[in-house]
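One structure below.
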Amino acid sequence: WSFGEPYTSQARAAIELRYQLLPYHYTAFWKHVQEGIPVIKSLSFYDQEDALAINRENEFIYGDDLLVCPVLKKGQKSMAVYLPKGNWLDYYDGTPYEGGRKWRLLLKADKIPLFVKAGSVIPHYPVQQFVGEKEFKRVPLRVYFGQNGSGLWYEDSGEGYKYRKGKYRLARYETIFDQNCFRIDQSLEGKFKPGYKKIDVEIYSLPFEVKNCEVDGKKTKYKLLKNGAIRIRANTNFKSILIS
């Protein structure tokens, strides 16, 4: 607020993105505790046989599935980024990018260049101004089409040690695709029950026209979002979602 517009809105958008990604962030730290894997990693950690990745110092991997390309020069209008092997998608709208090569991006002051590994599942919270501000009735779960993939979502009470006695919730996701069908499977561990009972599953970059959606074998409706993704509402304990 000290700098006025448009900087106030840009700072607000970046801060709110941080709050939206808190479930992903919390899961990354849980995995760090379990396996010692750093939350933030250089591209060389992603692929040690990729000479270009080894020499890149600006981009970094955040968690397992996000790749951040920070803008480091004042007034920069475009920048060259390197995406390691595999398929990647723009975090915001699902635009696909081929990995193993450089891309030149046109920059926008209100967005941090952010990519998602295809096939990933990224848990989110709705926007809030501080942790615990709202009691969520449902939460978003972003899924990015493009290759077979996986994801994790770890939750507990956020304080105390009850997780040691099983009071946690670990959702494991698998995504399976072909050109005319996409499936998301979920398996659950632990005894922790979150306050929300619904999940808005948002699926990005589907290459086919959606004709049918099923949650645990039952047909359900979907909503087309402005950015081209589709949204399906499901219970938190769903086992499988099929889109064809």
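Ligands are numbered from 1 in the order shown, residues from 1 within each chain, and chains are lettered A, B, ... in the order they appear in the structure tokens.
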
Find the residues near range 45-50 of chain A: any atom within 9 Å, counting only C-alpha atoms, skip ones fewer than 4 places away on the same chain, and give them as a ChimeraX atom specification.
/A:41,54-55,61,64,84-85,100

With only C-alpha atoms as the counted atoms, please give the residues lying no more than 8 Å from Gly166 in chain A, apart from itself and same-chain residues fewer than 6 positions off, as a ChimeraX atom specification.
/A:190-192

Please list as a PyMOL selection string every residue within 9 Å of Ala171 in chain A, counting only C-alpha atoms and excluding residues in the same chain fewer than 2 positions away.
chain A and resi 151-155+169+173+186-189+237

Expected file contents, prior selection, N, CA and C atoms, as a PDB file, in the first residue's frame:
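Resulting contents of out_16.pdb:
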ATOM      1  N   GLY A 151       0.360 -37.162  -7.373  1.00  0.00           N
ATOM      2  CA  GLY A 151       0.382 -36.030  -6.467  1.00  0.00           C
ATOM      3  C   GLY A 151       0.129 -36.475  -5.047  1.00  0.00           C
ATOM      4  N   LEU A 152       0.456 -35.600  -4.102  1.00  0.00           N
ATOM      5  CA  LEU A 152       0.241 -35.865  -2.693  1.00  0.00           C
ATOM      6  C   LEU A 152      -0.445 -34.657  -2.055  1.00  0.00           C
ATOM      7  N   TRP A 153      -1.207 -34.950  -1.006  1.00  0.00           N
ATOM      8  CA  TRP A 153      -1.794 -33.874  -0.204  1.00  0.00           C
ATOM      9  C   TRP A 153      -1.805 -34.340   1.247  1.00  0.00           C
ATOM     10  N   TYR A 154      -0.934 -33.744   2.055  1.00  0.00           N
ATOM     11  CA  TYR A 154      -0.853 -34.093   3.466  1.00  0.00           C
ATOM     12  C   TYR A 154      -1.523 -33.016   4.309  1.00  0.00           C
ATOM     13  N   GLU A 155      -2.347 -33.444   5.269  1.00  0.00           N
ATOM     14  CA  GLU A 155      -3.009 -32.514   6.192  1.00  0.00           C
ATOM     15  C   GLU A 155      -2.982 -33.071   7.609  1.00  0.00           C
ATOM     16  N   ARG A 169      -4.140 -36.792   7.466  1.00  0.00           N
ATOM     17  CA  ARG A 169      -4.812 -37.233   6.244  1.00  0.00           C
ATOM     18  C   ARG A 169      -3.819 -37.116   5.089  1.00  0.00           C
ATOM     19  N   TYR A 173      -2.626 -39.311  -5.224  1.00  0.00           N
ATOM     20  CA  TYR A 173      -3.332 -39.197  -6.485  1.00  0.00           C
ATOM     21  C   TYR A 173      -2.528 -39.834  -7.613  1.00  0.00           C
ATOM     22  N   GLN A 186      -7.835 -41.498  -6.330  1.00  0.00           N
ATOM     23  CA  GLN A 186      -7.416 -41.028  -5.017  1.00  0.00           C
ATOM     24  C   GLN A 186      -7.458 -42.173  -3.998  1.00  0.00           C
ATOM     25  N   SER A 187      -6.394 -42.291  -3.206  1.00  0.00           N
ATOM     26  CA  SER A 187      -6.391 -43.218  -2.070  1.00  0.00           C
ATOM     27  C   SER A 187      -6.040 -42.425  -0.817  1.00  0.00           C
ATOM     28  N   LEU A 188      -6.618 -42.816   0.321  1.00  0.00           N
ATOM     29  CA  LEU A 188      -6.492 -42.032   1.547  1.00  0.00           C
ATOM     30  C   LEU A 188      -5.879 -42.841   2.678  1.00  0.00           C
ATOM     31  N   GLU A 189      -5.094 -42.149   3.505  1.00  0.00           N
ATOM     32  CA  GLU A 189      -4.529 -42.736   4.715  1.00  0.00           C
ATOM     33  C   GLU A 189      -4.781 -41.772   5.886  1.00  0.00           C
ATOM     34  N   ASN A 237     -13.642 -37.624  -0.134  1.00  0.00           N
ATOM     35  CA  ASN A 237     -13.182 -39.014  -0.102  1.00  0.00           C
ATOM     36  C   ASN A 237     -13.483 -39.768  -1.401  1.00  0.00           C
TER      37      ASN A 237
END

Residues near Asn235 in chain A, cut-off 12 Å, only C-alpha atoms, skip fewer than 2 positions along chain, as a ChimeraX atom specification:
/A:137-141,186,194,196-201,215-216,220,232-233,237-241

List every residue of range 48-148 of chain A that DSSP, applied to the backbone of this structure, assigns to alpha helix (DSSP H), and report them as a ChimeraX atom specification.
/A:51-55

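Contact shell of range 126-133 of chain A at 9 Å (only C-alpha atoms; same-chain neighbours under 2 positions omitted): Ile15, Glu16, Leu17, Tyr19, Gln20, His124, Glu135, Phe136, Arg138, Val139 and Pro140 of chain A.
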
Can you list every residue in range 81-171 of chain A that DSSP puts in strand (DSSP E or B), as a ChimeraX atom specification?
/A:81-83,87-90,96-98,101-106,114-117,121-123,138-144,149-155,169-171

Store the residues picked out above, limited to N, CA and C atoms, as a CSV table (one decimal), in the first residue's frame.
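File written: out-v8.csv
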chain,number,residue,atom,x,y,z
A,81,VAL,N,13.4,-18.7,-20.7
A,81,VAL,CA,13.4,-19.7,-19.6
A,81,VAL,C,13.7,-21.1,-20.2
A,82,TYR,N,14.2,-21.9,-19.3
A,82,TYR,CA,14.5,-23.3,-19.8
A,82,TYR,C,13.6,-24.3,-19.0
A,83,LEU,N,12.9,-25.1,-19.7
A,83,LEU,CA,12.1,-26.1,-19.1
A,83,LEU,C,12.7,-27.5,-19.3
A,87,ASN,N,6.7,-32.8,-20.1
A,87,ASN,CA,5.7,-31.8,-20.6
A,87,ASN,C,5.4,-30.9,-19.4
A,88,TRP,N,5.2,-29.6,-19.7
A,88,TRP,CA,4.9,-28.6,-18.7
A,88,TRP,C,3.7,-27.8,-19.2
A,89,LEU,N,3.0,-27.2,-18.2
A,89,LEU,CA,1.9,-26.4,-18.5
A,89,LEU,C,2.0,-25.1,-17.7
A,90,ASP,N,1.4,-24.0,-18.3
A,90,ASP,CA,1.3,-22.8,-17.6
A,90,ASP,C,0.4,-22.9,-16.4
A,96,PRO,N,0.1,-25.6,-22.8
A,96,PRO,CA,1.2,-26.7,-22.7
A,96,PRO,C,2.5,-26.2,-23.3
A,97,TYR,N,3.6,-26.7,-22.8
A,97,TYR,CA,5.0,-26.4,-23.2
A,97,TYR,C,5.8,-27.7,-23.3
A,98,GLU,N,6.5,-27.8,-24.3
A,98,GLU,CA,7.4,-29.0,-24.4
A,98,GLU,C,8.7,-28.7,-23.6
A,101,ARG,N,13.9,-27.7,-23.7
A,101,ARG,CA,14.2,-26.6,-24.6
A,101,ARG,C,14.0,-25.3,-23.9
A,102,LYS,N,14.4,-24.2,-24.5
A,102,LYS,CA,14.2,-22.8,-24.0
A,102,LYS,C,12.9,-22.3,-24.6
A,103,TRP,N,12.3,-21.4,-23.9
A,103,TRP,CA,11.1,-20.7,-24.4
A,103,TRP,C,11.3,-19.2,-24.0
A,104,ARG,N,10.8,-18.3,-24.9
A,104,ARG,CA,10.8,-16.9,-24.6
A,104,ARG,C,9.4,-16.5,-24.1
A,105,LEU,N,9.3,-16.0,-22.9
A,105,LEU,CA,8.0,-15.6,-22.4
A,105,LEU,C,7.8,-14.1,-22.4
A,106,LEU,N,6.6,-13.7,-22.8
A,106,LEU,CA,6.2,-12.3,-22.6
A,106,LEU,C,5.7,-12.1,-21.1
A,114,LEU,N,5.1,-19.2,-13.8
A,114,LEU,CA,5.0,-20.5,-13.0
A,114,LEU,C,4.5,-21.6,-13.9
A,115,PHE,N,5.2,-22.7,-13.8
A,115,PHE,CA,4.8,-23.9,-14.7
A,115,PHE,C,4.6,-25.1,-13.8
A,116,VAL,N,3.7,-26.0,-14.3
A,116,VAL,CA,3.4,-27.2,-13.6
A,116,VAL,C,3.7,-28.4,-14.5
A,117,LYS,N,4.3,-29.4,-13.8
A,117,LYS,CA,4.6,-30.7,-14.5
A,117,LYS,C,3.3,-31.4,-15.0
A,121,VAL,N,-1.1,-33.0,-9.7
A,121,VAL,CA,-2.3,-32.7,-8.9
A,121,VAL,C,-1.8,-31.7,-7.8
A,122,ILE,N,-2.3,-30.5,-7.8
A,122,ILE,CA,-1.9,-29.4,-6.9
A,122,ILE,C,-3.0,-29.0,-6.0
A,123,PRO,N,-2.9,-29.3,-4.7
A,123,PRO,CA,-4.0,-28.9,-3.7
A,123,PRO,C,-3.9,-27.4,-3.4
A,138,ARG,N,-15.5,-25.9,0.9
A,138,ARG,CA,-14.9,-26.7,-0.1
A,138,ARG,C,-13.6,-26.1,-0.5
A,139,VAL,N,-12.7,-26.8,-1.1
A,139,VAL,CA,-11.4,-26.4,-1.5
A,139,VAL,C,-11.1,-26.8,-3.0
A,140,PRO,N,-10.3,-26.0,-3.7
A,140,PRO,CA,-9.9,-26.4,-5.0
A,140,PRO,C,-8.8,-27.4,-5.1
A,141,LEU,N,-8.9,-28.3,-6.1
A,141,LEU,CA,-7.8,-29.2,-6.4
A,141,LEU,C,-7.5,-29.1,-7.9
A,142,ARG,N,-6.3,-28.6,-8.3
A,142,ARG,CA,-6.0,-28.4,-9.7
A,142,ARG,C,-5.3,-29.6,-10.2
A,143,VAL,N,-5.7,-30.1,-11.4
A,143,VAL,CA,-5.1,-31.2,-12.1
A,143,VAL,C,-4.8,-30.8,-13.5
A,144,TYR,N,-3.5,-31.2,-13.9
A,144,TYR,CA,-3.0,-30.7,-15.2
A,144,TYR,C,-2.8,-31.9,-16.1
A,149,GLY,N,0.7,-39.1,-14.2
A,149,GLY,CA,1.4,-38.4,-13.2
A,149,GLY,C,0.8,-38.8,-11.8
A,150,SER,N,1.2,-38.0,-10.8
A,150,SER,CA,0.8,-38.3,-9.4
A,150,SER,C,0.8,-37.1,-8.6
A,151,GLY,N,0.4,-37.2,-7.4
A,151,GLY,CA,0.4,-36.0,-6.5
A,151,GLY,C,0.1,-36.5,-5.0
A,152,LEU,N,0.5,-35.6,-4.1
A,152,LEU,CA,0.2,-35.9,-2.7
A,152,LEU,C,-0.4,-34.7,-2.1
A,153,TRP,N,-1.2,-35.0,-1.0
A,153,TRP,CA,-1.8,-33.9,-0.2
A,153,TRP,C,-1.8,-34.3,1.2
A,154,TYR,N,-0.9,-33.7,2.1
A,154,TYR,CA,-0.9,-34.1,3.5
A,154,TYR,C,-1.5,-33.0,4.3
A,155,GLU,N,-2.3,-33.4,5.3
A,155,GLU,CA,-3.0,-32.5,6.2
A,155,GLU,C,-3.0,-33.1,7.6
A,169,ARG,N,-4.1,-36.8,7.5
A,169,ARG,CA,-4.8,-37.2,6.2
A,169,ARG,C,-3.8,-37.1,5.1
A,170,LEU,N,-3.5,-38.2,4.5
A,170,LEU,CA,-2.6,-38.2,3.3
A,170,LEU,C,-3.4,-38.8,2.1
A,171,ALA,N,-3.6,-37.9,1.1
A,171,ALA,CA,-4.2,-38.3,-0.1
A,171,ALA,C,-3.2,-38.5,-1.2

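CA of Glu214 in chain A is found 5.1 Å from CA of Leu242 in chain A.
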
Among listed residues A:Asp156, A:Glu202, A:Glu57, A:Glu209, nearest Tyr92 in chain A (using only C-alpha atoms):
A:Glu202

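If you look at CA of Glu35 in chain A and CA of Gln147 in chain A, they are 25.1 Å away from each other.
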
Quick one: pull the distance between CA of Asn58 in chain A and CA of Asp93 in chain A, Å, one decimal.
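CA of Asn58 in chain A sits 22.7 Å away from CA of Asp93 in chain A.
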